[in-house]
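final28.cif (mmCIF, C-alpha atoms) appears below.
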data_final
#
loop_
_atom_site.label_atom_id
_atom_site.label_comp_id
_atom_site.auth_asym_id
_atom_site.auth_seq_id
_atom_site.Cartn_x
_atom_site.Cartn_y
_atom_site.Cartn_z
CA MET D 1 68.63 3.88 56.07
CA THR D 2 65.30 4.47 54.32
CA ASP D 3 65.18 6.49 51.11
CA ALA D 4 63.71 9.85 52.08
CA PRO D 5 63.11 11.89 48.91
CA THR D 6 61.78 15.40 49.16
CA GLY D 7 58.57 16.42 47.47
CA THR D 8 54.99 17.40 48.07
CA THR D 9 52.92 14.51 46.74
CA LYS D 10 52.96 10.79 46.13
CA ASP D 11 50.54 11.01 43.20
CA VAL D 12 52.10 11.60 39.79
CA ALA D 13 49.56 12.22 37.05
CA VAL D 14 50.10 11.64 33.34
CA SER D 15 49.20 15.15 32.19
CA ALA D 16 50.46 17.80 29.83
CA ALA D 17 51.87 19.67 32.81
CA THR D 18 53.81 16.60 33.92
CA VAL D 19 55.24 16.05 30.45
CA LEU D 20 56.26 19.69 30.12
CA ALA D 21 58.03 19.46 33.47
CA LEU D 22 59.87 16.35 32.30
CA LEU D 23 60.90 18.17 29.13
CA ASP D 24 62.01 21.15 31.21
CA ALA D 25 59.99 23.33 28.84
CA GLY D 26 58.45 26.69 29.51
CA PRO D 27 54.78 27.53 28.87
CA SER D 28 55.66 29.71 25.86
CA ALA D 29 57.42 26.94 23.91
CA SER D 30 55.87 26.15 20.53
CA HIS D 31 54.32 22.78 19.69
CA GLU D 32 57.10 22.20 17.18
CA ALA D 33 59.85 22.82 19.71
CA LEU D 34 58.12 20.72 22.36
CA LEU D 35 57.67 17.79 20.00
CA ARG D 36 61.27 18.00 18.82
CA THR D 37 62.42 17.70 22.43
CA ALA D 38 59.86 15.02 23.27
CA ARG D 39 61.06 12.83 20.38
CA ASP D 40 64.63 12.91 21.68
CA GLY D 41 66.02 9.64 23.03
CA ARG D 42 66.40 11.26 26.45
CA HIS D 43 62.62 11.50 26.71
CA LYS D 44 60.60 9.30 24.26
CA LEU D 45 57.46 11.26 25.14
CA ALA D 46 56.17 12.46 21.75
CA ALA D 47 53.29 9.96 21.55
CA THR D 48 52.21 10.81 25.09
CA LEU D 49 52.36 14.55 24.49
CA LEU D 50 50.42 14.38 21.20
CA SER D 51 47.70 12.21 22.72
CA LEU D 52 47.41 14.51 25.74
CA TRP D 53 46.93 17.51 23.44
CA ALA D 54 44.28 15.61 21.52
CA GLU D 55 42.47 14.56 24.72
CA ASP D 56 42.62 18.15 25.99
CA GLY D 57 41.04 19.41 22.76
CA GLU D 58 44.10 21.28 21.52
CA PRO D 59 44.17 21.59 17.72
CA LEU D 60 46.84 19.52 15.97
CA THR D 61 48.41 20.25 12.61
CA GLY D 62 48.04 17.75 9.80
CA ALA D 63 51.57 16.47 10.41
CA GLU D 64 50.94 16.13 14.16
CA SER D 65 47.68 14.27 13.56
CA ALA D 66 49.46 11.91 11.15
CA GLU D 67 52.23 11.27 13.69
CA LEU D 68 49.68 10.53 16.41
CA ARG D 69 47.81 8.17 14.07
CA LEU D 70 51.02 6.23 13.40
CA HIS D 71 51.60 5.85 17.13
CA ARG D 72 48.03 4.61 17.66
CA GLU D 73 48.30 2.13 14.78
CA ARG D 74 51.57 0.79 16.19
CA VAL D 75 50.04 0.29 19.64
CA GLU D 76 47.02 -1.47 18.17
CA HIS D 77 49.21 -3.70 16.02
CA TYR D 78 51.14 -4.83 19.10
CA ARG D 79 47.85 -5.52 20.90
CA LEU D 80 46.88 -7.82 18.04
CA ILE D 81 50.26 -9.58 18.09
CA TRP D 82 50.05 -10.09 21.86
CA SER D 83 46.55 -11.58 21.61
CA ARG D 84 47.86 -14.10 19.06
CA LEU D 85 50.86 -15.03 21.21
CA ARG D 86 48.68 -15.54 24.28
CA THR D 87 46.58 -17.99 22.29
CA VAL D 88 49.56 -20.30 21.69
CA SER D 89 51.29 -19.67 25.04
CA PRO D 90 48.94 -18.73 27.90
CA SER D 91 51.88 -18.82 30.33
CA ALA D 92 53.73 -16.03 28.53
CA ALA D 93 53.69 -12.56 30.10
CA LEU D 94 54.35 -9.02 28.94
CA LEU D 95 57.17 -7.01 30.47
CA LYS D 96 57.05 -3.21 30.55
CA GLY D 97 55.49 -1.87 27.35
CA MET D 98 51.75 -2.46 27.29
CA THR D 99 51.69 -3.42 30.98
CA ILE D 100 52.88 0.08 31.89
CA ALA D 101 50.71 1.66 29.17
CA GLY D 102 47.69 0.23 30.97
CA LEU D 103 48.44 2.63 33.85
CA TYR D 104 48.13 5.68 31.57
CA PRO D 105 44.73 7.44 31.43
CA PRO D 106 42.26 6.28 28.74
CA GLY D 107 43.15 7.78 25.38
CA VAL D 108 46.69 8.74 26.43
CA LEU D 109 49.43 6.81 24.65
CA ARG D 110 52.73 5.40 25.75
CA ALA D 111 54.93 4.92 22.66
CA ALA D 112 55.34 1.28 21.65
CA GLY D 113 58.85 0.67 20.39
CA ASP D 114 58.76 -3.10 20.73
CA LEU D 115 57.05 -5.96 22.54
CA ASP D 116 58.95 -7.81 25.30
CA VAL D 117 57.50 -11.22 26.12
CA VAL D 118 58.68 -13.40 28.99
CA CYS D 119 58.34 -17.13 28.24
CA PRO D 120 58.70 -19.20 31.45
CA GLU D 121 59.76 -22.40 29.64
CA HIS D 122 61.58 -23.18 26.41
CA GLU D 123 58.42 -24.61 24.88
CA ASP D 124 56.60 -21.31 25.51
CA LEU D 125 59.31 -19.51 23.57
CA TRP D 126 59.18 -21.98 20.69
CA SER D 127 55.38 -21.76 20.52
CA CYS D 128 55.52 -17.97 20.29
CA ALA D 129 58.39 -18.10 17.81
CA ARG D 130 56.52 -20.49 15.54
CA ARG D 131 53.48 -18.24 15.57
CA LEU D 132 55.55 -15.21 14.64
CA THR D 133 57.31 -16.96 11.78
CA GLU D 134 53.96 -18.28 10.50
CA ASP D 135 52.77 -14.66 10.45
CA GLY D 136 55.78 -13.61 8.37
CA TRP D 137 58.11 -12.25 11.06
CA GLU D 138 61.84 -12.67 10.46
CA PRO D 139 64.28 -13.78 13.21
CA ALA D 140 66.76 -10.98 13.91
CA ALA D 141 68.78 -12.34 16.85
CA PHE D 142 69.18 -15.47 18.97
CA THR D 143 71.08 -15.74 22.25
CA VAL D 144 71.92 -18.48 24.73
CA SER D 145 72.79 -17.52 28.30
CA PRO D 146 73.80 -19.66 31.28
CA ALA D 147 71.11 -20.09 33.90
CA ARG D 148 71.71 -19.28 37.54
CA PRO D 149 71.16 -21.76 40.39
CA GLY D 150 67.47 -22.28 41.01
CA ASP D 151 66.31 -20.94 37.64
CA ALA D 152 63.39 -22.61 35.89
CA VAL D 153 65.34 -23.57 32.75
CA PRO D 154 68.80 -25.12 32.19
CA LEU D 155 69.72 -22.35 29.74
CA HIS D 156 68.14 -18.96 29.17
CA LEU D 157 67.17 -18.18 25.60
CA GLY D 158 66.34 -15.01 23.73
CA ALA D 159 64.89 -14.66 20.24
CA GLU D 160 64.16 -11.32 18.59
CA PHE D 161 61.96 -10.84 15.55
CA ARG D 162 61.37 -7.99 13.09
CA SER D 163 58.55 -7.12 10.71
CA PRO D 164 58.31 -4.08 8.42
CA ALA D 165 56.07 -1.28 9.64
CA PRO D 166 53.94 0.59 7.12
CA GLU D 167 55.26 3.79 5.61
CA PRO D 168 56.16 6.38 6.72
CA SER D 169 57.09 4.76 10.03
CA PRO D 170 60.92 4.70 10.26
CA ASP D 171 61.13 1.78 12.71
CA PRO D 172 60.17 -1.85 12.04
CA TYR D 173 57.95 -3.74 14.43
CA ALA D 174 59.99 -5.76 16.93
CA VAL D 175 59.15 -8.59 19.32
CA GLY D 176 61.58 -10.05 21.86
CA LEU D 177 60.97 -13.47 23.41
CA PHE D 178 63.00 -14.21 26.54
CA THR D 179 63.02 -16.88 29.23
CA ALA D 180 64.47 -14.36 31.72
CA GLU D 181 63.20 -10.93 32.68
CA ILE D 182 66.56 -9.12 32.84
CA VAL D 183 68.87 -9.47 29.84
CA THR D 184 70.22 -5.92 29.81
CA GLU D 185 73.60 -6.84 31.30
CA VAL D 186 74.84 -8.70 28.22
CA ARG D 187 78.27 -9.52 29.67
CA ALA D 188 76.81 -11.73 32.40
CA PRO D 189 74.14 -14.42 32.68
CA ALA D 190 70.53 -13.29 32.42
CA TRP D 191 68.49 -12.72 35.58
CA GLN D 192 65.29 -14.60 36.27
CA LEU D 193 63.04 -12.77 38.72
CA THR D 194 60.55 -14.23 41.22
CA ARG D 195 58.67 -17.22 39.79
CA PRO D 196 55.78 -17.43 39.72
CA SER D 197 55.48 -13.67 39.70
CA ARG D 198 52.89 -12.49 42.18
CA SER D 199 53.12 -8.94 40.89
CA PRO D 200 53.68 -8.21 37.18
CA LEU D 201 54.01 -4.52 38.09
CA ALA D 202 56.91 -5.25 40.45
CA ALA D 203 58.65 -7.26 37.71
CA CYS D 204 58.18 -4.32 35.33
CA ALA D 205 59.63 -1.92 37.90
CA VAL D 206 62.76 -4.04 38.34
CA ALA D 207 63.16 -4.43 34.57
CA LEU D 208 62.80 -0.66 34.20
CA VAL D 209 65.49 -0.01 36.82
CA ALA D 210 67.73 -2.55 35.04
CA GLU D 211 67.69 -0.40 31.89
CA ARG D 212 70.27 1.75 33.69
CA TRP D 213 72.86 -0.99 33.04
CA GLU D 214 72.57 -0.08 29.37
CA ARG D 215 71.83 3.66 29.27
CA PRO D 216 70.94 6.67 31.44
CA PHE D 217 67.35 6.87 32.64
CA ARG D 218 64.99 8.63 30.26
CA SER D 219 62.42 11.04 31.60
CA ARG D 220 59.72 8.57 30.52
CA ASP D 221 61.41 5.92 32.69
CA LEU D 222 60.89 8.11 35.73
CA LEU D 223 57.24 8.70 34.87
CA ASP D 224 56.69 4.97 34.30
CA LEU D 225 58.41 4.01 37.54
CA ALA D 226 56.38 6.53 39.53
CA LEU D 227 53.16 5.06 38.10
CA LEU D 228 54.24 1.48 38.82
CA LEU D 229 55.08 2.31 42.42
CA GLN D 230 51.72 4.03 42.91
CA HIS D 231 49.93 0.82 41.91
CA LEU D 232 51.99 -1.69 43.93
CA ASP D 233 50.25 -3.48 46.78
CA GLY D 234 52.03 -5.01 49.76
CA THR D 235 52.81 -8.21 47.85
CA GLY D 236 54.28 -6.18 45.00
CA VAL D 237 56.48 -4.16 47.34
CA GLY D 238 57.82 -7.37 48.87
CA GLN D 239 58.58 -8.82 45.44
CA LEU D 240 60.21 -5.55 44.38
CA ARG D 241 62.62 -5.67 47.30
CA THR D 242 63.34 -9.38 46.79
CA ASP D 243 64.18 -8.93 43.13
CA LEU D 244 66.23 -5.77 43.64
CA SER D 245 68.28 -7.78 46.13
CA ARG D 246 68.48 -10.76 43.78
CA THR D 247 69.82 -8.64 40.91
CA GLY D 248 71.89 -6.23 43.00
CA LEU D 249 70.19 -3.24 41.39
CA TRP D 250 70.21 -1.09 44.51
CA PRO D 251 72.55 1.61 43.09
CA GLU D 252 70.24 2.03 40.08
CA TRP D 253 67.18 2.08 42.33
CA ARG D 254 68.66 4.86 44.44
CA GLU D 255 69.62 6.82 41.32
CA ALA D 256 66.04 6.59 40.03
CA VAL D 257 64.58 7.64 43.39
CA ARG D 258 66.93 10.63 43.57
CA ALA D 259 65.98 11.64 40.01
CA MET D 260 62.29 11.56 40.94
CA ALA D 261 63.01 13.61 44.04
CA ARG D 262 64.66 16.30 41.90
CA LEU D 263 61.37 16.56 40.02
CA GLY D 264 59.58 17.16 43.30
CA TRP D 265 57.99 13.70 43.31
CA ARG D 266 57.72 11.66 46.47
CA PRO D 267 57.69 8.01 45.33
CA ALA D 268 54.79 5.95 46.67
CA VAL D 269 57.25 3.25 47.82
CA THR D 270 60.28 3.78 50.00
CA LEU D 271 62.48 0.89 51.03
CA PRO D 272 64.66 0.62 54.16
CA ARG D 273 68.46 0.48 54.32
CA THR D 274 69.00 1.01 50.59
CA ARG D 275 72.23 2.97 51.11
CA THR D 276 73.84 -0.03 52.80
CA ALA D 277 72.41 -2.39 50.17
CA ALA D 278 73.77 -0.20 47.35
CA ALA D 279 77.25 -0.08 48.90
CA ARG D 280 77.24 -3.84 49.26
CA ALA D 281 76.06 -4.28 45.65
CA ARG D 282 78.91 -2.11 44.38
CA LEU D 283 81.45 -4.21 46.28
CA VAL D 284 79.98 -7.40 44.83
CA ARG D 285 80.14 -5.95 41.31
CA ALA D 286 83.74 -4.88 41.76
CA ALA D 287 84.65 -8.37 42.91
CA ARG D 288 82.84 -9.95 39.95
CA THR D 289 84.48 -7.57 37.49
CA THR D 290 87.90 -8.39 38.91
CA ALA D 291 87.14 -12.10 38.67
CA ARG D 292 86.00 -11.78 35.06
CA TRP D 293 89.06 -9.90 33.88
CA SER D 294 91.47 -12.01 35.91
CA SER D 295 90.26 -15.12 34.09
CA PRO D 296 91.94 -15.52 30.67
CA VAL D 297 88.86 -17.34 29.39
CA ARG D 298 86.39 -14.67 30.41
CA ALA D 299 88.65 -11.73 29.56
CA THR D 300 89.17 -13.03 26.02
CA ALA D 301 85.44 -13.49 25.52
CA LEU D 302 84.63 -10.03 26.87
CA ILE D 303 87.06 -8.42 24.43
CA ALA D 304 85.62 -10.52 21.60
CA GLN D 305 82.11 -9.42 22.52
CA SER D 306 82.93 -5.82 21.68
CA GLY D 307 83.15 -6.95 18.05
CA VAL D 308 79.49 -7.97 18.14
CA GLU D 309 78.67 -4.49 19.43
CA GLY D 310 80.53 -2.89 16.51
CA GLU D 311 83.51 -1.84 18.61
CA GLY D 312 86.96 -3.18 19.45
CA GLY D 313 88.48 -3.23 15.97
CA ARG D 314 91.39 -5.57 15.28
CA LEU D 315 91.79 -6.50 18.95
CA ALA D 316 88.21 -7.77 19.08
CA GLU D 317 88.80 -9.83 15.94
CA LEU D 318 91.91 -11.45 17.41
CA ALA D 319 90.09 -12.14 20.68
CA SER D 320 87.15 -13.66 18.79
CA ASP D 321 89.52 -16.00 16.91
CA LEU D 322 91.23 -17.04 20.11
CA ALA D 323 87.97 -17.55 21.98
CA HIS D 324 86.46 -19.63 19.22
CA ARG D 325 89.48 -21.70 18.19
CA ALA D 326 91.45 -22.16 21.40
CA ILE D 327 88.84 -21.91 24.13
CA GLY D 328 85.63 -23.04 22.49
CA ALA D 329 82.04 -21.86 22.85
CA ARG D 330 80.98 -24.67 25.17
CA ARG D 331 83.71 -23.76 27.63
CA LEU D 332 82.69 -20.10 27.45
CA LEU D 333 79.11 -21.02 28.20
CA GLY D 334 80.28 -23.09 31.16
CA ALA D 335 82.24 -20.08 32.39
CA GLY D 336 79.01 -18.09 32.68
CA LEU D 337 79.16 -16.09 29.45
CA PRO D 338 76.26 -15.51 27.04
CA LEU D 339 76.67 -16.60 23.42
CA PHE D 340 75.23 -15.13 20.25
CA GLY D 341 73.67 -17.17 17.47
CA VAL D 342 74.59 -16.77 13.79
CA PRO D 343 72.01 -18.45 11.50
CA LEU D 344 73.00 -21.54 9.54
CA ASP D 345 71.17 -22.98 6.56
CA ASP D 346 69.60 -25.99 8.24
CA GLU D 347 66.23 -27.55 8.95
CA PRO D 348 64.46 -26.80 12.26
CA ALA D 349 64.78 -29.27 15.12
CA ASP D 350 61.95 -30.34 17.39
CA ARG D 351 63.60 -28.83 20.49
CA LEU D 352 66.85 -27.22 21.65
CA ARG D 353 69.98 -29.32 21.26
CA LEU D 354 73.60 -28.22 21.52
CA ASP D 355 75.84 -30.03 19.05
CA ASP D 356 79.61 -30.10 18.84
CA VAL D 357 80.47 -29.86 15.14
CA GLY D 358 84.23 -30.14 14.98
CA ARG D 359 85.50 -27.25 17.09
CA HIS D 360 82.20 -25.37 16.79
CA LEU D 361 79.09 -25.33 19.00
CA VAL D 362 75.80 -25.32 17.13
CA ALA D 363 72.34 -24.78 18.62
CA ARG D 364 69.71 -26.89 16.86
CA THR D 365 66.35 -25.24 17.51
CA PRO D 366 62.77 -25.10 16.19
CA LEU D 367 63.89 -21.87 14.48
CA GLY D 368 66.74 -23.60 12.65
CA SER D 369 70.41 -23.96 13.52
CA PHE D 370 72.74 -21.28 14.89
CA LEU D 371 76.51 -21.17 15.25
CA LEU D 372 77.16 -19.95 18.81
CA VAL D 373 79.95 -17.39 19.16
CA SER D 374 81.18 -14.83 21.67
CA GLY D 375 82.25 -12.31 19.02
CA ALA D 376 82.15 -11.70 15.30
CA ALA D 377 81.97 -14.91 13.24
CA ARG D 378 84.15 -15.73 10.25
CA ARG D 379 82.61 -16.99 7.02
CA GLU D 380 84.74 -20.12 7.18
CA TRP D 381 83.30 -21.01 10.59
CA LEU D 382 79.80 -20.90 9.15
CA ASP D 383 80.87 -23.15 6.28
CA GLU D 384 82.50 -25.61 8.67
CA ALA D 385 79.56 -25.64 11.09
CA GLY D 386 77.09 -26.15 8.28
CA GLY D 387 78.31 -29.68 7.67
CA GLY D 388 80.36 -32.45 9.27
CA GLY D 389 79.58 -34.93 12.01
CA ARG D 390 77.64 -34.13 15.13
CA ALA D 391 78.13 -35.10 18.76
CA ALA D 392 74.79 -34.16 20.25
CA VAL D 393 74.55 -32.97 23.83
CA GLU D 394 71.09 -32.26 25.22
CA SER D 395 70.60 -28.83 26.75
CA GLY D 396 69.32 -30.25 30.03
CA THR D 397 72.41 -32.32 30.86
#
This structure in structure tokens:
Amino acid sequence: MTDAPTGTTKDVAVSAATVLALLDAGPSASHEALLRTARDGRHKLAATLLSLWAEDGEPLTGAESAELRLHRERVEHYRLIWSRLRTVSPSAALLKGMTIAGLYPPGVLRAAGDLDVVCPEHEDLWSCARRLTEDGWEPAAFTVSPARPGDAVPLHLGAEFRSPAPEPSPDPYAVGLFTAEIVTEVRAPAWQLTRPSRSPLAACAVALVAERWERPFRSRDLLDLALLLQHLDGTGVGQLRTDLSRTGLWPEWREAVRAMARLGWRPAVTLPRTRTAAARARLVRAARTTARWSSPVRATALIAQSGVEGEGGRLAELASDLAHRAIGARRLLGAGLPLFGVPLDDEPADRLRLDDVGRHLVARTPLGSFLLVSGAARREWLDEAGGGGRAAVESGT
């Protein structure tokens, strides 16, 4: 069955009227009240609203002008960072963020929380990482995820970096480097989308839909998705369907389409038989979930992972000990589970290498060495992994 949303138009414009509709705000609401709502995590539309007012000639207060200036400076800073990364890795590509912002009218901003960069090969990621560290960025996270059959790399990697933003901005600058487009489902291997991508907009649309694995859709998500669909050509529509099928994101797709329909928007792209595809995807997920929790190895690691997320308490600690001491990180990786890197005091390597150091698994990388764990790490593990003999195993074997 084809999605058949109700509505009057396929064209969604980025306008003050559109933003007010997304905020569910009446025409008599004050600027202060509108901005307070727009800043909320359910929307993330403050930068867009402020820039629309400015473009429409509406007077802004001093505080509003300062807030808009901070948003503009952040966007421009990310443009500069991206131009530097493209110099060292021409194969790298942006995901969401500035790609979607390019669909907004001139002068209208899309808030820039971070920069997501897809690096097709490990060397692309290392090149970008080196450039960031040379520019003073600090590594904030490192992950290793199993690759799926047919993926371009033997292991998927993720490296996140932070840099202080100027006062009074409350949020640091952040750049994520990933060899896979979809890393939102942290309890399963990452998802690589169509390579080479024939439609960056289709890849962005799938990545946007995948955010639903982590949180409810924001109103800005719906606006962004509507714009992406309006700009897809036939090749992009084909890639969109292929990658939704690859990732099994049909339930999330249908949820997004229904949410747009409730706003009176008729999406520019409708896809056939999505109800059947969504039902099938739910069955597949249920089977995978059952398989994960029926496996002692995977179940232990999943409980341990809640400790990394700041949850789970004593049970997560016990599971982390069991996973690390009795099962081992290499076995967890082989079972299809992502691992998290804890920095060790060690010199950088020339490329990725996975070393067995006693009972520990250590990733030697151009960023330095990381103890790989499925949950919270004990201080003694870091001390043990920082020394001792090594039995090197190359990542490609």
- Task: For the file shown, report as a ChimeraX atom specification the outcome of the PyMOL selection byres ((chain D and resi 190-203) around 9) at residue level.
- Result: /D:93-96,99-100,120,145-148,151-152,156,179-186,188-189,204-208,228-229,231-233,235-243,246-247,338
- Item | Chain and number of each residue from the PyMOL selection byres ((chain D and resi 365) around 12), as JSON, numbers by chain | {"D": [122, 123, 125, 126, 127, 129, 130, 142, 143, 144, 157, 158, 159, 341, 343, 344, 346, 347, 348, 349, 350, 351, 352, 353, 354, 355, 362, 363, 364, 366, 367, 368, 369, 370, 371, 394, 395]}
- Could you state which residues are captured by the PyMOL selection byres ((chain D and resi 333) around 10) in this file, as a VMD selection string? chain D and resid 144 to 147 155 189 298 328 to 332 334 to 339 372 to 374
Name the residues within 12 Å of (62.5, 20.0, 31.2), counting all atoms listed in the file in the file's coordinates, and put them as a PDB file with C-alpha atoms, in the frame of the given file.
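Saved to out.pdb:
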ATOM      1  CA  ALA D  17      51.870  19.670  32.810  1.00  0.00           C
ATOM      2  CA  THR D  18      53.810  16.600  33.920  1.00  0.00           C
ATOM      3  CA  VAL D  19      55.240  16.050  30.450  1.00  0.00           C
ATOM      4  CA  LEU D  20      56.260  19.690  30.120  1.00  0.00           C
ATOM      5  CA  ALA D  21      58.030  19.460  33.470  1.00  0.00           C
ATOM      6  CA  LEU D  22      59.870  16.350  32.300  1.00  0.00           C
ATOM      7  CA  LEU D  23      60.900  18.170  29.130  1.00  0.00           C
ATOM      8  CA  ASP D  24      62.010  21.150  31.210  1.00  0.00           C
ATOM      9  CA  ALA D  25      59.990  23.330  28.840  1.00  0.00           C
ATOM     10  CA  GLY D  26      58.450  26.690  29.510  1.00  0.00           C
ATOM     11  CA  PRO D  27      54.780  27.530  28.870  1.00  0.00           C
ATOM     12  CA  ALA D  29      57.420  26.940  23.910  1.00  0.00           C
ATOM     13  CA  LEU D  34      58.120  20.720  22.360  1.00  0.00           C
ATOM     14  CA  THR D  37      62.420  17.700  22.430  1.00  0.00           C
ATOM     15  CA  ALA D  38      59.860  15.020  23.270  1.00  0.00           C
ATOM     16  CA  ARG D  42      66.400  11.260  26.450  1.00  0.00           C
ATOM     17  CA  HIS D  43      62.620  11.500  26.710  1.00  0.00           C
ATOM     18  CA  LEU D  45      57.460  11.260  25.140  1.00  0.00           C
ATOM     19  CA  ARG D 218      64.990   8.630  30.260  1.00  0.00           C
ATOM     20  CA  SER D 219      62.420  11.040  31.600  1.00  0.00           C
ATOM     21  CA  ARG D 220      59.720   8.570  30.520  1.00  0.00           C
ATOM     22  CA  ARG D 262      64.660  16.300  41.900  1.00  0.00           C
ATOM     23  CA  LEU D 263      61.370  16.560  40.020  1.00  0.00           C
TER      24      LEU D 263
END
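The interatomic distance for the pair CA of Ala323 (chain D) and CA of Ile303 (chain D) works out to 9.5 Å.
Among the candidate residues D:Arg162, D:Ala141, D:Val14, D:Asp321, the one lying nearest to Tyr104 (chain D) is D:Val14, with distances computed using only C-alpha atoms.
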